[in-house]
>>> print(open('entry_35.txt').read())   # compact mmCIF, C-alpha atoms and all ligand atoms
# COMPACT_ATOMS: atom_id res chain seq x y z
CA MET A 273 51.63 -103.25 1.77
CA THR A 274 54.85 -103.67 3.75
CA ILE A 275 56.31 -100.87 5.82
CA THR A 276 58.73 -100.69 8.74
CA VAL A 277 57.33 -99.39 12.01
CA ASN A 278 59.74 -98.71 14.87
CA GLY A 279 62.23 -101.01 13.20
CA ALA A 280 59.79 -103.93 12.74
CA THR A 281 58.51 -105.11 9.38
CA THR A 282 54.77 -104.54 9.35
CA GLU A 283 52.17 -105.86 6.90
CA LEU A 284 49.17 -103.66 6.29
CA PRO A 285 46.07 -104.26 4.15
CA GLU A 286 46.41 -102.63 0.72
CA ASN A 287 45.12 -99.08 0.88
CA ASN A 288 46.17 -96.31 -1.44
CA SER A 289 44.66 -93.53 0.60
CA ARG A 290 46.15 -94.32 3.98
CA THR A 291 47.53 -91.16 5.57
CA ILE A 292 49.91 -90.91 8.51
CA ASP A 293 46.95 -89.74 10.56
CA SER A 294 44.87 -92.79 9.66
CA LEU A 295 47.86 -95.05 10.26
CA LEU A 296 48.12 -93.72 13.81
CA GLU A 297 44.51 -94.69 14.34
CA GLU A 298 44.83 -98.05 12.56
CA LEU A 299 47.86 -99.05 14.69
CA LYS A 300 46.26 -97.63 17.83
CA VAL A 301 49.38 -95.62 18.54
CA SER A 302 49.45 -94.30 22.08
CA GLN A 303 49.81 -90.56 22.74
CA ARG A 304 48.27 -90.19 19.30
CA LEU A 305 47.77 -86.46 19.67
CA TYR A 306 51.32 -85.83 20.80
CA VAL A 307 53.45 -88.48 19.13
CA THR A 308 56.10 -87.27 16.70
CA VAL A 309 56.33 -89.18 13.43
CA GLU A 310 59.62 -89.64 11.64
CA LEU A 311 59.05 -90.68 8.05
CA ASN A 312 62.05 -92.10 6.17
CA GLY A 313 64.49 -90.27 8.41
CA GLU A 314 62.79 -86.87 8.44
CA ILE A 315 60.68 -85.46 11.25
CA LEU A 316 57.22 -84.82 9.82
CA ASP A 317 55.35 -81.61 10.69
CA ARG A 318 52.26 -82.39 12.72
CA ASP A 319 50.04 -80.49 10.28
CA ALA A 320 51.20 -82.80 7.49
CA TYR A 321 49.93 -85.99 9.16
CA GLU A 322 46.56 -85.73 7.41
CA SER A 323 47.95 -84.97 3.99
CA THR A 324 50.91 -87.37 3.88
CA LEU A 325 50.24 -90.77 2.36
CA VAL A 326 51.85 -93.95 3.58
CA THR A 327 53.56 -95.75 0.72
CA GLU A 328 55.15 -99.15 0.18
CA GLY A 329 58.52 -99.50 1.92
CA ASP A 330 58.15 -96.48 4.19
CA ALA A 331 60.17 -96.52 7.38
CA ILE A 332 58.19 -94.91 10.17
CA GLU A 333 59.20 -94.18 13.74
CA PHE A 334 56.89 -93.05 16.47
CA LEU A 335 58.71 -90.85 18.98
CA TYR A 336 57.10 -90.30 22.34
CA PHE A 337 57.29 -87.64 24.98
CA MET A 338 58.94 -88.89 28.13
CA GLY A 339 59.05 -86.26 30.81
CA GLY A 340 60.21 -88.10 33.89
CA GLY A 341 63.54 -87.79 35.58
CA CYS A 342 62.14 -88.25 38.98
CA MET B 201 98.52 -79.21 37.40
CA ALA B 202 100.14 -82.63 37.48
CA LEU B 203 98.32 -85.53 39.08
CA THR B 204 99.33 -86.32 42.66
CA GLU B 205 100.37 -89.80 43.78
CA THR B 206 96.96 -90.26 45.39
CA GLN B 207 95.19 -89.19 42.23
CA ILE B 208 97.28 -91.55 40.11
CA GLU B 209 96.14 -94.37 42.36
CA ARG B 210 92.51 -93.22 42.61
CA TYR B 211 92.12 -92.90 38.85
CA SER B 212 94.45 -95.77 37.88
CA ARG B 213 91.71 -97.73 36.06
CA HIS B 214 90.98 -94.65 34.00
CA ILE B 215 94.60 -93.81 33.40
CA ILE B 216 95.42 -97.22 31.89
CA LEU B 217 92.68 -96.72 29.29
CA LYS B 218 94.30 -95.35 26.17
CA GLU B 219 91.21 -93.19 25.60
CA VAL B 220 91.74 -91.50 28.95
CA GLY B 221 95.34 -91.66 30.16
CA GLY B 222 96.89 -89.14 32.52
CA LYS B 223 96.06 -86.29 30.15
CA GLY B 224 92.40 -87.27 29.88
CA GLN B 225 92.09 -87.63 33.64
CA GLN B 226 93.60 -84.19 34.06
CA LYS B 227 91.07 -82.88 31.55
CA LEU B 228 88.24 -84.37 33.62
CA LEU B 229 89.65 -82.79 36.76
CA GLU B 230 89.67 -79.42 35.02
CA SER B 231 86.11 -79.83 33.69
CA LYS B 232 82.85 -78.38 34.92
CA VAL B 233 79.54 -80.21 34.55
CA LEU B 234 76.13 -78.95 35.65
CA ILE B 235 73.47 -81.46 36.66
CA ILE B 236 69.96 -80.03 36.71
CA GLY B 237 67.76 -82.14 38.98
CA ALA B 238 69.06 -84.21 41.90
CA GLY B 239 66.42 -86.92 41.59
CA GLY B 240 66.30 -90.31 39.88
CA LEU B 241 68.48 -89.39 36.90
CA GLY B 242 70.58 -86.84 38.77
CA ALA B 243 71.55 -89.38 41.44
CA PRO B 244 73.60 -91.82 39.33
CA ILE B 245 74.84 -88.98 37.15
CA ALA B 246 76.25 -87.16 40.18
CA LEU B 247 77.68 -90.32 41.76
CA TYR B 248 79.51 -91.44 38.62
CA LEU B 249 80.74 -87.99 37.66
CA ALA B 250 82.03 -87.52 41.21
CA ALA B 251 83.81 -90.87 41.18
CA ALA B 252 85.25 -90.07 37.74
CA GLY B 253 86.90 -86.94 39.09
CA ILE B 254 84.99 -84.23 37.28
CA GLY B 255 86.65 -81.25 38.92
CA THR B 256 83.58 -79.08 39.34
CA ILE B 257 80.05 -80.41 39.61
CA GLY B 258 77.12 -78.00 39.80
CA ILE B 259 73.83 -79.39 41.01
CA ALA B 260 70.49 -77.57 40.86
CA ASP B 261 67.28 -78.63 42.59
CA ALA B 262 64.84 -76.88 44.94
CA ASP B 263 63.34 -80.04 46.46
CA ASP B 264 63.91 -81.71 49.80
CA VAL B 265 64.47 -85.46 50.10
CA GLU B 266 61.25 -87.42 50.67
CA LEU B 267 60.70 -91.00 51.72
CA SER B 268 59.16 -91.89 48.34
CA ASN B 269 62.35 -90.74 46.57
CA LEU B 270 64.53 -93.40 48.11
CA GLN B 271 63.28 -96.29 45.95
CA ARG B 272 65.39 -94.90 43.08
CA GLN B 273 67.29 -91.72 44.02
CA VAL B 274 70.34 -93.61 45.20
CA ILE B 275 72.37 -90.56 46.20
CA HIS B 276 69.94 -89.83 49.05
CA PHE B 277 69.82 -91.99 52.19
CA THR B 278 67.11 -92.51 54.80
CA PRO B 279 68.62 -90.06 57.31
CA ASP B 280 68.54 -87.38 54.56
CA ILE B 281 64.74 -87.15 54.54
CA GLY B 282 63.76 -83.51 54.88
CA LYS B 283 67.18 -82.23 53.80
CA PRO B 284 67.57 -80.19 50.59
CA LYS B 285 68.50 -82.62 47.80
CA VAL B 286 71.39 -80.44 46.69
CA LEU B 287 72.90 -80.59 50.18
CA SER B 288 72.38 -84.35 50.49
CA ALA B 289 73.98 -84.80 47.05
CA LYS B 290 76.89 -82.52 47.92
CA GLU B 291 77.69 -84.52 51.04
CA LYS B 292 77.82 -87.80 49.09
CA ILE B 293 79.89 -86.31 46.28
CA GLN B 294 82.44 -84.97 48.76
CA ALA B 295 82.54 -88.26 50.62
CA ILE B 296 83.20 -90.14 47.38
CA ASN B 297 85.82 -87.79 46.07
CA PRO B 298 87.39 -84.78 47.78
CA ASP B 299 88.91 -83.74 44.43
CA VAL B 300 85.48 -82.48 43.34
CA GLN B 301 84.33 -78.93 43.95
CA VAL B 302 80.55 -78.90 44.36
CA ARG B 303 78.41 -75.87 43.61
CA THR B 304 74.81 -76.11 44.74
CA TYR B 305 71.84 -74.18 43.37
CA HIS B 306 68.98 -74.63 45.80
CA GLU B 307 66.35 -73.22 43.45
CA TRP B 308 64.23 -74.13 40.47
CA ILE B 309 65.80 -73.18 37.20
CA ASN B 310 63.76 -70.69 35.21
CA ALA B 311 64.17 -68.31 32.29
CA ALA B 312 65.49 -65.60 34.62
CA ASN B 313 68.37 -67.63 36.07
CA ILE B 314 69.25 -70.41 33.62
CA MET B 315 71.55 -68.50 31.25
CA GLU B 316 73.66 -67.27 34.17
CA ILE B 317 73.74 -70.71 35.82
CA ILE B 318 74.84 -72.68 32.73
CA ARG B 319 77.36 -70.09 31.51
CA ASP B 320 80.42 -71.37 33.33
CA TYR B 321 79.95 -75.08 32.57
CA ASP B 322 81.46 -77.25 29.82
CA PHE B 323 78.51 -79.64 29.68
CA VAL B 324 75.00 -79.73 31.09
CA VAL B 325 72.99 -82.83 32.03
CA ASP B 326 69.20 -82.69 32.19
CA GLY B 327 67.91 -84.84 35.03
CA THR B 328 64.64 -82.97 35.52
CA ASP B 329 61.19 -84.45 35.83
CA ASN B 330 58.95 -82.05 33.95
CA PHE B 331 58.51 -80.66 30.44
CA ALA B 332 58.76 -77.00 31.46
CA ALA B 333 62.32 -77.64 32.66
CA LYS B 334 63.22 -79.97 29.79
CA PHE B 335 62.22 -77.45 27.11
CA LEU B 336 63.83 -74.58 29.02
CA ILE B 337 67.13 -76.48 29.35
CA ASN B 338 67.07 -77.34 25.64
CA ASP B 339 66.36 -73.76 24.64
CA ALA B 340 68.95 -72.24 26.95
CA CYS B 341 71.66 -74.73 25.99
CA VAL B 342 71.05 -74.38 22.26
CA LEU B 343 70.96 -70.56 22.48
CA ALA B 344 74.13 -70.53 24.59
CA GLY B 345 75.85 -73.12 22.38
CA LYS B 346 76.22 -75.40 25.39
CA PRO B 347 76.34 -79.16 24.71
CA TYR B 348 74.00 -81.16 26.90
CA SER B 349 72.45 -84.55 27.52
CA HIS B 350 68.69 -84.97 27.61
CA GLY B 351 67.13 -87.85 29.50
CA GLY B 352 63.54 -88.91 30.11
CA ILE B 353 62.03 -91.91 31.88
CA LEU B 354 58.62 -93.35 32.67
CA GLN B 355 57.51 -96.69 34.06
CA PHE B 356 59.83 -99.18 32.31
CA VAL B 357 61.01 -97.05 29.38
CA GLY B 358 63.53 -94.30 28.98
CA GLN B 359 65.21 -92.28 26.27
CA THR B 360 68.21 -90.05 25.94
CA ILE B 361 69.92 -87.90 23.32
CA THR B 362 72.99 -85.70 23.34
CA VAL B 363 72.58 -82.26 21.80
CA LEU B 364 75.50 -80.46 20.20
CA PRO B 365 74.00 -77.04 19.43
CA GLY B 366 74.32 -76.02 15.80
CA GLU B 367 75.62 -79.47 14.86
CA SER B 368 73.06 -82.08 15.83
CA ALA B 369 69.30 -82.21 16.34
CA CYS B 370 67.91 -80.58 19.47
CA TYR B 371 64.93 -81.68 21.57
CA ARG B 372 62.65 -79.26 19.69
CA CYS B 373 63.75 -80.75 16.37
CA ILE B 374 61.85 -83.85 17.59
CA PHE B 375 59.19 -82.15 19.70
CA PRO B 376 58.64 -78.55 18.51
CA THR B 377 56.28 -77.70 21.39
CA PRO B 378 55.64 -79.20 24.82
CA PRO B 379 52.60 -81.42 25.29
CA PRO B 380 49.66 -79.82 27.07
CA ARG B 381 49.96 -79.89 30.81
CA ASP B 382 48.89 -83.23 32.30
CA ALA B 383 48.64 -84.86 28.85
CA ILE B 384 51.59 -87.12 29.59
CA PRO B 385 51.68 -88.91 32.94
CA THR B 386 54.50 -88.28 35.40
CA CYS B 387 56.43 -90.87 37.39
CA SER B 388 54.41 -90.13 40.51
CA GLN B 389 51.19 -90.75 38.59
CA ALA B 390 52.30 -93.70 36.50
CA GLY B 391 55.22 -95.13 38.47
CA VAL B 392 58.80 -95.89 37.56
CA ILE B 393 60.90 -98.97 38.18
CA GLY B 394 63.68 -97.89 40.50
CA VAL B 395 66.63 -99.11 38.43
CA LEU B 396 65.47 -97.33 35.25
CA PRO B 397 67.03 -93.95 36.08
CA GLY B 398 70.20 -95.86 36.95
CA VAL B 399 70.42 -97.11 33.35
CA ILE B 400 69.53 -93.85 31.62
CA GLY B 401 71.46 -91.64 34.07
CA SER B 402 74.58 -93.77 33.71
CA ILE B 403 74.38 -93.36 29.93
CA GLN B 404 74.05 -89.59 30.36
CA ALA B 405 77.10 -89.55 32.64
CA THR B 406 79.00 -91.60 30.03
CA GLU B 407 78.13 -89.02 27.39
CA ALA B 408 79.38 -86.18 29.60
CA ILE B 409 82.69 -87.97 30.17
CA LYS B 410 83.13 -88.83 26.46
CA PHE B 411 82.37 -85.26 25.49
CA LEU B 412 84.93 -83.91 27.96
CA LEU B 413 87.55 -86.41 26.79
CA GLY B 414 86.71 -85.83 23.13
CA LYS B 415 86.60 -89.59 22.61
CA GLY B 416 84.21 -91.98 20.92
CA GLU B 417 80.92 -91.32 19.18
CA LEU B 418 78.40 -89.25 21.05
CA LEU B 419 74.69 -89.95 21.08
CA ALA B 420 74.20 -86.85 18.97
CA GLY B 421 71.66 -87.07 16.15
CA ARG B 422 70.46 -90.38 17.60
CA LEU B 423 67.67 -90.88 20.11
CA LEU B 424 68.41 -93.93 22.24
CA MET B 425 65.35 -95.71 23.59
CA TYR B 426 65.44 -98.35 26.30
CA ASP B 427 62.67 -100.74 27.31
CA ALA B 428 63.44 -102.51 30.58
CA LEU B 429 60.56 -105.00 30.27
CA LYS B 430 61.67 -106.18 26.84
CA MET B 431 65.30 -105.53 27.77
CA LYS B 432 65.92 -103.84 24.44
CA PHE B 433 67.80 -100.79 23.33
CA ARG B 434 67.08 -99.08 19.99
CA ASP B 435 68.44 -95.92 18.53
CA VAL B 436 66.80 -93.85 15.85
CA GLU B 437 68.68 -91.40 13.72
CA ILE B 438 67.35 -87.88 14.17
CA LYS B 439 68.35 -85.29 11.59
CA ARG B 440 68.18 -81.61 12.32
CA ASN B 441 64.71 -80.33 11.50
CA SER B 442 64.70 -77.29 9.22
CA HIS B 443 61.32 -76.34 10.73
CA CYS B 444 62.65 -76.49 14.31
CA PRO B 445 61.38 -73.36 16.10
CA LEU B 446 64.72 -73.09 17.91
CA CYS B 447 67.54 -74.25 15.62
CA GLY B 448 65.71 -74.41 12.26
CA GLU B 449 65.90 -72.04 9.32
CA ASN B 450 63.37 -69.54 10.66
CA PRO B 451 63.59 -69.74 14.43
CA THR B 452 60.78 -68.21 16.46
CA ILE B 453 62.45 -68.81 19.82
CA THR B 454 65.32 -66.40 20.32
CA GLU B 455 65.60 -66.27 24.08
CA ALA B 456 64.97 -68.60 27.00
CA GLU B 457 61.37 -68.27 28.13
CA ASP B 458 59.30 -70.05 30.73
CA ASP B 459 56.31 -71.91 29.39
CA LEU B 460 53.86 -70.72 32.02
CA SER B 461 51.28 -73.28 31.00
CA LEU B 462 53.64 -76.03 32.12
CA LEU B 463 55.17 -74.67 35.26
CA THR B 464 54.86 -76.38 38.63
CA VAL B 465 53.98 -79.76 37.16
CA CYS B 466 56.55 -81.33 39.41
CA ASP B 467 55.58 -79.18 42.40
CA LEU B 468 52.06 -80.44 42.07
CA GLU B 469 53.07 -84.04 41.80
CA GLN B 470 54.99 -83.78 45.06
CA SER B 471 52.02 -82.53 47.02
ZN ZN C 1 66.25 -77.97 16.90
>>> encode(input="entry_35.txt", output="structure tokens")
Amino acid sequence: MTITVNGATTELPENNSRTIDSLLEELKVSQRLYVTVELNGEILDRDAYESTLVTEGDAIEFLYFMGGGC
Amino acid sequence: MALTETQIERYSRHIILKEVGGKGQQKLLESKVLIIGAGGLGAPIALYLAAAGIGTIGIADADDVELSNLQRQVIHFTPDIGKPKVLSAKEKIQAINPDVQVRTYHEWINAANIMEIIRDYDFVVDGTDNFAAKFLINDACVLAGKPYSHGGILQFVGQTITVLPGESACYRCIFPTPPPRDAIPTCSQAGVIGVLPGVIGSIQATEAIKFLLGKGELLAGRLLMYDALKMKFRDVEIKRNSHCPLCGENPTITEAEDDLSLLTVCDLEQS
């Protein structure tokens, strides 16, 4: 399966039951508990991560908290 | 007020730009920008806005200058150690450009004072170093309909977005609630390369100037991310989020409130 992650084309093993939540784990995304996921241009509610399936061609962005200004 | 001879010379490189001109420069001189935080981001923001001839610059920060600030907070100098940052910043702004009126707020912004502080300004720039302040600034600016620039930095990466309330996505459209306290490291815990706030802060100052001039395309509805190690910029389109607790269809936040669970993060990191 081919998806786009943070602008980069990414090949993943075929898996029809891969959720956003399991993708976060599979890709070892940092700040996993706090990262915001944008799926095909829409911000995804956090409580939908476990129920939303990743499908062929999805464009996914991981958006991270950055609190510094110091 | 027409520009004086001295001003025509001082701002000549602006005035020859067709996007600025004499009229645009006059607009800048009549504008008021509030910078919240006189640290890493606030330093280049204040320096460039002062040099650009923003007529009134407000600057809010309760901290004093410390030795460990000087690696990146380029508005503060070694002899300023121990001085309130707002005073140190005011002195530099006035030395750069006597056209600028400086208003200092030697206090932490909070829910009780923020609406009053931002009221008189055309544009607000967030240069704070903690999530309590970042969410409070977003909430207050969106509720007051005040355009502002958000900036955040850590280690070698930074991000910034311009928020036009009611038009473009706000910070809570991306991050509906703050992270738990201490979940995300701060600069004092994780470090920050000294030039990073120079890059992000200069972009924030650019956005303020473009907004005031009404020229160009703002970084609204786009989150710009910068990685200094890879030397890459990326921007991601951010649509307004209908579930945003602040500017969505059923908002649950209707007034500026302090998130008590997050307060004093930056106080703690200083000690
Ligand atoms: Zn919003």
>>> atom_distance(input="entry_35.txt", atom1="CA of Ile259 in chain B", atom2="CA of Leu217 in chain B")
28.2 Å
>>> interface_residues(input="entry_35.txt", of="chain A", to="chain B", cutoff="8 Å", atoms="only C-alpha atoms", output="PyMOL selection string")
chain A and resi 303+306+308+313-315+317+333+335+337-342
>>> residues_near_ligand(input="entry_35.txt", ligand="ligand ZN 1 (chain C)", cutoff="6 Å", atoms="only C-alpha atoms and all ligand atoms", output="MDAnalysis selection string")
chainID B and resid 369:370 372:373 444 446:448
>>> closest_residue(input="entry_35.txt", among="B:Pro451, B:Gly414, B:Gly398, B:Pro445", to="Pro244 in chain B", atoms="all atoms listed in the file")
B:Gly398
>>> atom_distance(input="entry_35.txt", atom1="CA of Thr291 in chain A", atom2="CA of Tyr321 in chain A")
6.7 Å
>>> atom_distance(input="entry_35.txt", atom1="CA of Ile309 in chain B", atom2="CA of Val363 in chain B")
19.1 Å
>>> axis_aligned_box(input="entry_35.txt", around="range 202-216 of chain B", padding_each_side="6 Å", output="JSON")
{"center_x": 95.7, "center_y": -90.2, "center_z": 38.6, "size_x": 21.4, "size_y": 27.1, "size_z": 25.5}
>>> residues_near_point(input="entry_35.txt", point="(42.7, -94.8, 3.9)", cutoff="6 Å", atoms="all atoms listed in the file", output="ChimeraX atom specification")
/A:287,289-290
